[in-house]
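The structure appears below as structure tokens.
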Amino acid sequence: MAKSAGPRPDQPTKDAVTERILAHARKNWPDTEVLVRHSGVFCYVAVIQRPRARRWRLFWPAVEEPEPFTVLRLRYQGSADRWLIAIYTASTETFSESELPTRFGPTTGTPEEGMNHTLGFWVGPPATDQ
């Protein structure tokens with residue numbers, strides 16, 4: 001796990017950011033469960049995509065519960081509205097603050113902007129954009 005010096009968010013900031021992330025996810029990715037955890041200066045966001053309902057399941061094998069997949073790491077920059085955005089890179093199994101496509105703009109932003117960038121890549125565009 002990456003370690004970093006710098007300001008750490010206090011508990012009210014963590015709680016507020018967690019609620020913002022969950023509310024944004026409910027609005028924009030209603031079929032995706034979002035999990036949030038904080039560790040030091042970092043906030044990690046993982047997703048669990050719910051399986052789509054099928055009309056029939058006559059001969060389908062049992063479906064295992066999907067595993068959480070971490071897609072986003074936010075690094076606190078001293079404000080609840082300013083985080084360094086890092087996307088999970090599956091090929092190296094690390095987070096990268098420099099791997100976001102340039103069309104996403106700056107790699108620093110709000111938690112909601114971080115979600116739009118990374119969940120938009122891993123899960124699909126926000127429902128409000130469709």
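In the structure tokens, chains take letters A, B, ... by order of appearance, with residues numbered from 1 within each chain and ligands from 1 in the order shown.
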**Asked** Can you list, as a ChimeraX atom specification, every protein, DNA or RNA residue that comes within 6 Å of Leu72 of chain A when you count only C-alpha atoms, leaving out same-chain residues fewer than 6 positions away?
**Response** /A:44-45,86-88
Residues from last step as file, N, CA and C atoms, as a CSV table (one decimal), in the first residue's frame:
```
chain,number,residue,atom,x,y,z
A,44,TYR,N,-10.4,5.0,-1.0
A,44,TYR,CA,-10.5,4.0,-2.1
A,44,TYR,C,-11.9,3.8,-2.4
A,45,VAL,N,-12.2,3.6,-3.7
A,45,VAL,CA,-13.6,3.4,-4.1
A,45,VAL,C,-13.6,2.1,-4.9
A,86,ALA,N,-6.5,9.0,-8.9
A,86,ALA,CA,-5.7,7.9,-9.5
A,86,ALA,C,-6.6,6.7,-9.9
A,87,ILE,N,-6.4,6.2,-11.1
A,87,ILE,CA,-7.2,5.1,-11.6
A,87,ILE,C,-6.4,3.8,-11.4
A,88,TYR,N,-7.2,2.7,-11.1
A,88,TYR,CA,-6.5,1.4,-11.0
A,88,TYR,C,-6.1,0.9,-12.3
```
**Best match for closeness to Leu35 of chain A among A:Pro68, A:Gly109, A:Pro12, A:Pro7, counting only C-alpha atoms** = A:Pro68
Skip Gly120 of chain A itself and residues of its chain fewer than 6 positions away, then list as a CSV table (one decimal) with N, CA, C and O atoms, in the first residue's frame all residues within 10 Å of it, counting only C-alpha atoms.
```csv
chain,number,residue,atom,x,y,z
A,28,ASN,N,-25.9,8.1,-10.6
A,28,ASN,CA,-25.3,7.9,-11.9
A,28,ASN,C,-25.0,6.5,-12.3
A,28,ASN,O,-24.9,6.2,-13.5
A,29,TRP,N,-24.9,5.6,-11.3
A,29,TRP,CA,-24.7,4.2,-11.6
A,29,TRP,C,-25.6,3.3,-10.7
A,29,TRP,O,-25.1,2.6,-9.8
A,114,GLY,N,-13.6,12.5,-9.9
A,114,GLY,CA,-12.8,11.3,-9.9
A,114,GLY,C,-13.7,10.0,-10.3
A,114,GLY,O,-13.3,9.2,-11.0
A,126,PRO,N,-21.8,7.8,-16.8
A,126,PRO,CA,-22.9,8.0,-15.8
A,126,PRO,C,-24.3,8.0,-16.5
A,126,PRO,O,-24.4,8.4,-17.7
A,127,ALA,N,-25.3,7.5,-15.8
A,127,ALA,CA,-26.6,7.4,-16.3
A,127,ALA,C,-27.2,8.8,-16.8
A,127,ALA,O,-28.0,8.9,-17.7
```
